[in-house]
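Data block for final-v6.txt (compact mmCIF, C-alpha atoms):
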# COMPACT_ATOMS: atom_id res chain seq x y z
CA MET A 1 41.09 -32.28 -35.70
CA THR A 2 41.04 -29.23 -33.51
CA GLY A 3 37.50 -28.54 -34.66
CA ALA A 4 36.43 -32.04 -33.60
CA GLU A 5 37.98 -31.75 -30.12
CA ALA A 6 36.45 -28.39 -29.31
CA PRO A 7 32.83 -29.58 -28.91
CA LEU A 8 33.97 -32.38 -26.59
CA VAL A 9 35.67 -29.88 -24.29
CA SER A 10 32.87 -27.33 -24.32
CA ALA A 11 29.98 -29.83 -24.03
CA PRO A 12 29.58 -29.75 -20.17
CA ALA A 13 29.63 -25.92 -20.11
CA ALA A 14 26.97 -25.77 -22.79
CA GLY A 15 24.73 -28.17 -20.80
CA LEU A 16 25.08 -26.06 -17.63
CA GLY A 17 24.19 -22.96 -19.63
CA ARG A 18 21.01 -24.57 -20.90
CA ARG A 19 19.94 -25.51 -17.38
CA TRP A 20 20.52 -21.95 -16.18
CA GLN A 21 18.65 -20.61 -19.17
CA LEU A 22 15.72 -22.94 -18.45
CA LEU A 23 15.67 -21.85 -14.81
CA ALA A 24 15.78 -18.19 -15.83
CA TRP A 25 12.88 -18.66 -18.23
CA LEU A 26 10.86 -20.52 -15.60
CA LEU A 27 11.46 -17.77 -13.06
CA LEU A 28 10.50 -15.12 -15.60
CA ALA A 29 7.32 -17.02 -16.46
CA ALA A 30 6.44 -17.34 -12.76
CA LEU A 31 7.03 -13.63 -12.24
CA LEU A 32 4.85 -12.74 -15.23
CA ALA A 33 2.13 -15.08 -13.92
CA VAL A 34 2.17 -13.35 -10.51
CA VAL A 35 2.09 -9.87 -12.07
CA GLY A 36 -0.65 -10.95 -14.49
CA ALA A 37 -2.77 -12.41 -11.70
CA LYS A 38 -2.39 -9.20 -9.70
CA LEU A 39 -3.34 -7.06 -12.72
CA VAL A 40 -6.43 -9.18 -13.35
CA GLN A 41 -7.39 -8.85 -9.69
CA VAL A 42 -6.98 -5.08 -9.77
CA SER A 43 -8.83 -4.60 -13.05
CA ARG A 44 -11.85 -6.68 -12.04
CA GLY A 45 -13.62 -3.69 -10.51
CA PRO A 46 -16.11 -3.78 -7.66
CA ALA A 47 -17.85 -7.01 -6.68
CA THR A 48 -21.20 -6.89 -8.51
CA SER A 49 -22.80 -10.32 -8.25
CA GLY A 50 -22.47 -13.75 -6.73
CA ALA A 51 -21.89 -14.59 -3.09
CA ALA A 52 -20.98 -11.57 -1.00
CA PRO A 53 -17.48 -11.68 0.52
CA LEU A 54 -17.67 -12.77 4.14
CA PHE A 55 -16.33 -10.36 6.73
CA THR A 56 -16.61 -9.41 10.35
CA LEU A 57 -16.94 -5.75 11.27
CA VAL A 58 -16.00 -4.65 14.77
CA ASP A 59 -17.95 -1.47 15.38
CA PHE A 60 -16.76 1.59 17.29
CA ASP A 61 -18.44 0.21 20.43
CA GLY A 62 -16.51 -3.07 20.14
CA ALA A 63 -19.44 -5.26 19.03
CA GLN A 64 -18.74 -7.80 16.30
CA HIS A 65 -20.94 -8.12 13.22
CA ALA A 66 -20.24 -11.20 11.11
CA LEU A 67 -21.99 -11.14 7.75
CA GLN A 68 -22.54 -14.89 8.04
CA ALA A 69 -24.67 -14.32 11.15
CA TYR A 70 -27.13 -12.23 9.12
CA ARG A 71 -27.96 -14.96 6.58
CA GLY A 72 -31.71 -14.81 5.92
CA LYS A 73 -31.75 -11.03 6.27
CA VAL A 74 -31.14 -8.25 3.80
CA VAL A 75 -27.88 -6.47 4.65
CA VAL A 76 -26.88 -2.97 3.50
CA VAL A 77 -23.11 -2.43 3.62
CA ASN A 78 -22.14 1.21 3.20
CA PHE A 79 -18.50 2.29 2.77
CA TRP A 80 -17.87 5.83 3.93
CA ALA A 81 -15.28 8.17 5.46
CA SER A 82 -15.44 11.37 7.46
CA TRP A 83 -13.27 13.20 4.88
CA CYS A 84 -15.64 12.31 2.05
CA ALA A 85 -18.13 15.07 1.17
CA PRO A 86 -20.52 12.81 -0.83
CA CYS A 87 -20.65 10.52 2.22
CA ALA A 88 -22.01 13.42 4.23
CA ALA A 89 -24.58 14.02 1.51
CA GLU A 90 -26.01 10.51 1.82
CA ALA A 91 -25.64 10.08 5.60
CA ALA A 92 -29.09 11.38 6.54
CA ASP A 93 -30.81 9.21 3.93
CA LEU A 94 -29.00 6.12 5.15
CA GLU A 95 -30.12 6.74 8.71
CA GLN A 96 -33.67 7.40 7.51
CA ALA A 97 -33.66 4.14 5.54
CA TRP A 98 -32.34 2.26 8.56
CA GLN A 99 -35.10 3.67 10.73
CA ALA A 100 -37.70 2.73 8.10
CA TYR A 101 -36.49 -0.84 7.52
CA ARG A 102 -34.97 -1.99 10.81
CA GLU A 103 -38.32 -3.36 11.98
CA ARG A 104 -38.52 -5.44 8.81
CA GLY A 105 -35.22 -7.13 9.62
CA VAL A 106 -32.92 -5.19 7.33
CA VAL A 107 -29.40 -4.85 8.73
CA PHE A 108 -27.30 -1.74 8.05
CA LEU A 109 -23.53 -1.81 8.51
CA GLY A 110 -21.33 1.25 8.04
CA VAL A 111 -17.72 0.47 7.08
CA ASP A 112 -15.43 3.40 7.79
CA TYR A 113 -12.71 3.41 5.12
CA VAL A 114 -9.15 4.73 5.76
CA ASP A 115 -10.35 7.18 8.35
CA THR A 116 -9.21 8.50 11.70
CA GLU A 117 -11.29 7.54 14.69
CA PRO A 118 -11.98 10.95 16.31
CA GLU A 119 -13.20 12.41 13.00
CA ALA A 120 -15.20 9.26 12.25
CA ARG A 121 -16.95 9.40 15.62
CA ALA A 122 -17.65 13.10 15.10
CA PHE A 123 -19.21 12.28 11.72
CA ILE A 124 -21.46 9.64 13.28
CA THR A 125 -22.54 12.06 15.99
CA LEU A 126 -23.10 14.88 13.51
CA TRP A 127 -25.35 12.78 11.28
CA GLN A 128 -26.96 10.97 14.22
CA GLN A 129 -26.29 7.56 12.77
CA THR A 130 -27.59 4.82 15.03
CA TYR A 131 -26.81 1.70 13.01
CA PRO A 132 -23.48 -0.09 13.62
CA ASN A 133 -20.42 1.61 12.17
CA GLY A 134 -16.85 0.46 12.49
CA PRO A 135 -13.39 0.95 11.01
CA ASP A 136 -12.17 -1.23 8.18
CA ARG A 137 -8.99 -2.35 9.93
CA GLY A 138 -6.28 -2.97 7.32
CA THR A 139 -8.85 -2.18 4.56
CA VAL A 140 -9.64 -5.91 4.52
CA ILE A 141 -13.38 -5.45 3.86
CA ALA A 142 -12.82 -2.79 1.19
CA GLN A 143 -10.40 -5.09 -0.61
CA ALA A 144 -12.82 -8.01 -0.41
CA PHE A 145 -15.53 -5.90 -2.07
CA ARG A 146 -12.90 -4.36 -4.39
CA ILE A 147 -14.27 -0.87 -3.79
CA ARG A 148 -12.90 1.97 -5.90
CA GLY A 149 -13.64 4.75 -3.43
CA VAL A 150 -16.27 6.07 -1.09
CA PRO A 151 -19.17 6.20 -0.83
CA GLU A 152 -20.19 2.82 -2.18
CA THR A 153 -23.16 0.77 -1.00
CA TYR A 154 -23.61 -2.96 -1.41
CA ILE A 155 -26.93 -4.65 -0.74
CA ILE A 156 -26.87 -8.35 0.05
CA ASP A 157 -30.03 -10.42 -0.23
CA GLN A 158 -31.36 -13.04 2.18
CA ARG A 159 -29.32 -15.78 0.45
CA GLY A 160 -26.08 -13.86 0.83
CA GLN A 161 -26.01 -12.84 -2.84
CA LEU A 162 -24.80 -9.41 -3.91
CA GLN A 163 -27.17 -7.08 -5.68
CA ALA A 164 -25.95 -4.39 -8.07
CA PRO A 165 -23.64 -2.07 -6.10
CA ILE A 166 -24.44 1.59 -5.72
CA ILE A 167 -21.29 3.48 -6.68
CA GLY A 168 -21.33 7.03 -5.37
CA PRO A 169 -23.81 8.58 -2.97
CA THR A 170 -27.13 6.85 -2.54
CA ASN A 171 -30.47 8.23 -1.42
CA LEU A 172 -33.64 7.10 0.28
CA ALA A 173 -35.61 6.50 -2.94
CA GLN A 174 -32.84 4.34 -4.39
CA LEU A 175 -32.55 2.31 -1.20
CA ARG A 176 -36.32 1.92 -0.93
CA ALA A 177 -36.53 0.58 -4.49
CA VAL A 178 -33.94 -2.15 -3.87
CA LEU A 179 -35.02 -3.03 -0.33
CA ASP A 180 -38.74 -3.25 -1.21
CA ARG A 181 -37.93 -5.54 -4.12
CA LEU A 182 -35.76 -7.82 -1.99
CA LEU A 183 -38.21 -7.92 0.91
CA ALA A 184 -41.03 -8.81 -1.49
CA GLN A 185 -39.16 -11.93 -2.58
CA PRO A 186 -40.48 -15.13 -1.04
CA MET B 1 16.67 35.81 44.80
CA PRO B 2 14.79 32.94 46.41
CA VAL B 3 15.82 31.97 49.92
CA LEU B 4 16.66 28.38 48.93
CA THR B 5 19.07 29.55 46.24
CA MET B 6 20.70 31.97 48.69
CA ARG B 7 21.27 29.16 51.18
CA LEU B 8 22.66 26.89 48.49
CA LEU B 9 25.03 29.58 47.29
CA ARG B 10 26.36 29.93 50.83
CA PHE B 11 27.36 26.27 50.72
CA PRO B 12 29.05 25.67 47.35
CA SER B 13 29.47 21.93 48.00
CA ARG B 14 25.71 21.51 48.48
CA PHE B 15 25.02 23.62 45.40
CA ALA B 16 27.34 21.43 43.34
CA LEU B 17 25.65 18.31 44.69
CA VAL B 18 22.20 19.59 43.71
CA LEU B 19 23.48 20.49 40.24
CA MET B 20 24.96 17.02 39.84
CA VAL B 21 21.70 15.32 40.88
CA LEU B 22 19.70 17.49 38.45
CA GLY B 23 22.17 16.82 35.66
CA ALA B 24 22.05 13.08 36.27
CA ALA B 25 18.25 13.13 36.33
CA LEU B 26 18.16 14.91 32.98
CA PHE B 27 20.75 12.52 31.55
CA TRP B 28 18.87 9.42 32.59
CA LEU B 29 15.43 10.74 31.71
CA PRO B 30 14.13 8.52 28.90
CA ALA B 31 14.32 10.14 25.49
CA SER B 32 10.64 9.37 24.99
CA VAL B 33 9.69 11.51 28.00
CA LEU B 34 11.73 14.41 26.67
CA ALA B 35 10.28 13.91 23.20
CA ALA B 36 6.76 13.64 24.57
CA SER B 37 7.01 17.04 26.18
CA ALA B 38 8.04 18.83 22.99
CA THR B 39 5.60 19.74 20.25
CA PRO B 40 6.76 18.11 17.00
CA THR B 41 7.64 20.53 14.25
CA ASP B 42 6.14 20.32 10.77
CA ASP B 43 9.49 19.03 9.50
CA GLU B 44 9.43 16.18 12.02
CA VAL B 45 5.87 15.30 11.09
CA ASN B 46 6.68 15.46 7.38
CA ALA B 47 9.77 13.29 7.82
CA VAL B 48 7.51 10.50 9.10
CA ALA B 49 4.73 11.32 6.62
CA SER B 50 7.11 11.13 3.65
CA GLN B 51 7.43 7.39 4.24
CA LEU B 52 3.67 6.94 3.95
CA TYR B 53 1.35 7.32 1.00
CA CYS B 54 -2.00 9.05 0.68
CA PRO B 55 -4.77 6.52 1.29
CA VAL B 56 -7.11 7.90 -1.34
CA CYS B 57 -4.95 9.33 -4.14
CA GLU B 58 -2.59 7.47 -6.44
CA ASN B 59 1.12 7.62 -5.66
CA VAL B 60 1.11 10.81 -3.60
CA PRO B 61 3.34 10.83 -0.50
CA LEU B 62 1.54 11.88 2.65
CA ASP B 63 3.83 14.86 3.34
CA VAL B 64 2.86 16.63 0.10
CA CYS B 65 -0.76 15.52 -0.11
CA GLY B 66 -3.44 18.18 0.21
CA THR B 67 -6.55 16.08 0.85
CA GLN B 68 -8.49 16.18 4.09
CA ALA B 69 -7.69 12.50 4.70
CA CYS B 70 -3.95 13.24 4.53
CA SER B 71 -4.37 16.23 6.80
CA GLN B 72 -6.09 13.98 9.37
CA TRP B 73 -3.31 11.42 9.08
CA ARG B 74 -0.63 14.06 9.61
CA ALA B 75 -2.50 15.18 12.73
CA ILE B 76 -2.36 11.57 13.97
CA ILE B 77 1.39 11.48 13.27
CA ARG B 78 1.85 14.69 15.26
CA GLN B 79 -0.09 13.19 18.20
CA LYS B 80 1.94 10.00 18.11
CA LEU B 81 5.25 11.89 17.92
CA GLN B 82 4.16 14.03 20.84
CA ALA B 83 3.40 10.86 22.76
CA GLY B 84 6.99 9.77 22.17
CA TRP B 85 6.39 7.18 19.44
CA SER B 86 9.27 6.41 17.08
CA ALA B 87 8.89 6.74 13.30
CA SER B 88 8.98 2.97 12.81
CA ARG B 89 6.28 2.45 15.44
CA ILE B 90 4.09 5.05 13.74
CA HIS B 91 4.60 3.38 10.34
CA ALA B 92 3.70 0.00 11.87
CA PHE B 93 0.55 1.55 13.37
CA PHE B 94 -0.55 2.93 10.00
CA ALA B 95 0.20 -0.38 8.26
CA GLU B 96 -1.91 -2.21 10.82
CA GLN B 97 -4.78 0.26 10.58
CA TYR B 98 -4.85 0.82 6.84
CA GLY B 99 -2.85 -2.01 5.27
CA ALA B 100 0.76 -2.34 4.13
CA ARG B 101 0.00 -0.55 0.87
CA VAL B 102 0.24 2.82 2.66
CA LEU B 103 3.95 2.21 3.33
CA ALA B 104 6.48 3.74 0.94
CA SER B 105 8.74 0.71 1.43
CA PRO B 106 6.87 -2.60 1.28
CA PRO B 107 7.51 -4.91 4.23
CA PHE B 108 9.77 -7.93 3.78
CA ALA B 109 6.90 -10.35 4.33
CA GLY B 110 4.25 -12.17 2.34
CA ALA B 111 3.84 -11.33 -1.33
CA SER B 112 5.72 -8.05 -0.77
CA VAL B 113 8.92 -10.09 -0.54
CA LEU B 114 8.82 -10.19 -4.35
CA PHE B 115 9.34 -6.41 -4.48
CA TRP B 116 12.68 -6.91 -2.74
CA LEU B 117 13.79 -10.23 -4.19
CA VAL B 118 12.96 -9.81 -7.88
CA PRO B 119 15.18 -6.75 -8.49
CA LEU B 120 17.93 -8.43 -6.45
CA ALA B 121 17.59 -11.64 -8.47
CA LEU B 122 17.60 -9.74 -11.76
CA LEU B 123 20.66 -7.74 -10.71
CA SER B 124 22.47 -10.92 -9.62
CA ALA B 125 21.58 -12.63 -12.90
CA GLY B 126 22.89 -9.62 -14.83
CA VAL B 127 26.17 -9.63 -12.90
CA LEU B 128 26.50 -13.39 -13.45
CA VAL B 129 25.97 -13.05 -17.19
CA LEU B 130 28.45 -10.17 -17.35
CA VAL B 131 31.10 -12.15 -15.43
CA ARG B 132 30.63 -15.18 -17.67
CA VAL B 133 30.90 -13.09 -20.82
CA LEU B 134 34.02 -11.28 -19.60
CA ARG B 135 35.71 -14.49 -18.44
CA LYS B 136 35.03 -16.39 -21.66
CA PRO B 137 38.38 -16.95 -23.44
CA ALA B 138 38.82 -15.26 -26.78
CA PRO B 139 38.30 -17.68 -29.66
CA ALA B 140 41.57 -19.29 -30.83
CA ALA B 141 43.05 -17.94 -34.04
CA PRO B 142 42.21 -20.24 -36.92
CA ASP B 143 45.04 -22.58 -37.95
CA LEU B 144 45.98 -21.35 -41.41
CA ALA B 145 48.96 -23.72 -41.90
CA VAL B 146 48.53 -25.92 -44.93
CA PRO B 147 49.68 -29.47 -44.32
CA VAL B 148 52.75 -30.10 -46.44
CA SER B 149 54.22 -33.54 -47.14
CA ALA B 150 57.95 -34.22 -46.67
CA ALA B 151 58.43 -34.49 -50.45
CA HIS B 152 56.79 -31.13 -50.99
CA ALA B 153 58.85 -29.57 -48.22
CA ALA B 154 62.08 -30.92 -49.72
CA ARG B 155 61.14 -29.59 -53.14
CA LEU B 156 60.26 -26.22 -51.67
CA GLU B 157 63.63 -25.99 -49.94
CA ARG B 158 65.40 -27.02 -53.14
CA GLU B 159 63.61 -24.39 -55.25
CA LEU B 160 64.24 -21.71 -52.69
CA ASP B 161 67.95 -22.56 -52.70
CA ASP B 162 67.98 -22.35 -56.50
CA TRP B 163 66.23 -19.02 -56.45
CA ARG B 164 68.69 -17.58 -53.97

Can you give me the file's structure in the form of structure tokens?
Amino acid sequence: MTGAEAPLVSAPAAGLGRRWQLLAWLLLAALLAVVGAKLVQVSRGPATSGAAPLFTLVDFDGAQHALQAYRGKVVVVNFWASWCAPCAAEAADLEQAWQAYRERGVVFLGVDYVDTEPEARAFITLWQQTYPNGPDRGTVIAQAFRIRGVPETYIIDQRGQLQAPIIGPTNLAQLRAVLDRLLAQP
Amino acid sequence: MPVLTMRLLRFPSRFALVLMVLGAALFWLPASVLAASATPTDDEVNAVASQLYCPVCENVPLDVCGTQACSQWRAIIRQKLQAGWSASRIHAFFAEQYGARVLASPPFAGASVLFWLVPLALLSAGVLVLVRVLRKPAPAAPDLAVPVSAAHAARLERELDDWR
């Protein structure tokens, strides 16, 4: 008879245990979902196609440049930093491309990634860059483009669509090839 | 000896008064002003830098990082310390400029809350399970007594008496 009474006594405790177990499993599943989503986000790599992430760059002179405002134009977004040697290697070509294409409506934006302002300004002066450059405050723009480092260059067409990103230093010939193709589109 | 000092020494009460005023001024001078005047040592800079991470390398604290970017950041820390900024204000500045991911300790806000709450929740759950296991009463010893009828008991007693 003792064996028959025991389940009656322990029944409420067993029910409570199941509820706790269910809650624990749900929490664990939620945690795994969050971690999984973060891992997927991290492993996606740089943005390569589709609509370009919208952002607003405030340049070192305080002027705002919203990507949305440049719809209908080709936009070159270059990520760089003063401490980055390959960025110095491409700086002159970027300025040369800007000078060659500015009259044709191409917009160049330099996004200064995890840099310090005095060194960034010195870099701009050294390489005589005249197109807008500004800091990526909070690395918001870099995260939106999911960049892996600097330099990286993203070219956005007139419809706001990303073209294949240029990972690593670019040069005038490479920029010309992409820009001429995009400008030739109707 | 300067004339002013000579005159003060001739009147000890005045000298004491001047000393007291100077002492009070030093005592009440804000710590930030005193800090601002001193050049921060490398140890002071590194103490702040150790709570930040290199922006371009994986998992390398700023105080031991050898890249140019880290060197520039340490220079910024030195400037801020010299200007009288506290360590927490400098950390907040870097988080604002470069994102919370540069902080060694994630802030208790947004998704970063998980970094603090999940280990705490897991630890609490572990303690709870341990307490429940330890408090659980030991299983009762099985009842080995064989039910015996009165007739059997009487017979058993009788046979035992005979045997004795």

With only C-alpha atoms considered, list every residue of chain B at most 8 Å from chain A, as a ChimeraX atom specification. /B:55-56,68-69,72-73,76,95-100

Distance cut-off 6 Å, centre (6.4, 5.9, 3.2) in file coordinates, counting all atoms listed in the file: which residues qualify? Return them as a ChimeraX atom specification. /B:50-53,103-105

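Interatomic distance, CA of Ile156 (chain A) to CA of Lys73 (chain A): 8.3 Å.
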
Distance of CA of Cys57 (chain B) from CA of Ser71 (chain B), expressed in Å to one decimal place: 12.9 Å

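When CA of Val127 (chain B) is paired with CA of Phe108 (chain B), their separation reads 23.5 Å.
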
Smallest atom-to-atom distance to Glu103 (chain A): which of A:Leu26, A:Ala122, A:Ala142, A:Val74, using all atoms listed in the file? A:Val74

Let me make sure I understand: among A:Ala92, A:Val42, A:Leu54, A:Val75, which one has the smallest atom-to-atom distance to Val106 (chain A) if we use all atoms listed in the file? A:Val75

Enclose the full set of atoms of region 104-115 of chain A listed in the file within a box whose edges lie along x, y and z, apply 3 Å of padding to each of the six sides, and report centre and edge lengths in Å to one decimal as JSON.
{"center_x": -23.8, "center_y": 0.0, "center_z": 7.4, "size_x": 35.4, "size_y": 20.3, "size_z": 10.5}

Residues near Asn133 (chain A), cut-off 12 Å, all atoms listed in the file, skip fewer than 5 positions along chain, as number ranges by chain: A: 56-65, 76-82, 91, 94-95, 107-113, 117, 120-121, 123-125, 128

Would you pick out the contacts of Ile147 (chain A) at 9 Å or less, using only C-alpha atoms, so that residues sharing its chain but fewer than 3 positions from it are not included, and give the list as a PyMOL selection string? chain A and resi 45-47+79+141-144+150+152+167

Nearest to Glu90 (chain A) by atom-to-atom distance, counting only C-alpha atoms, from A:Leu183, A:Leu175, A:Leu23, A:Leu67: A:Leu175
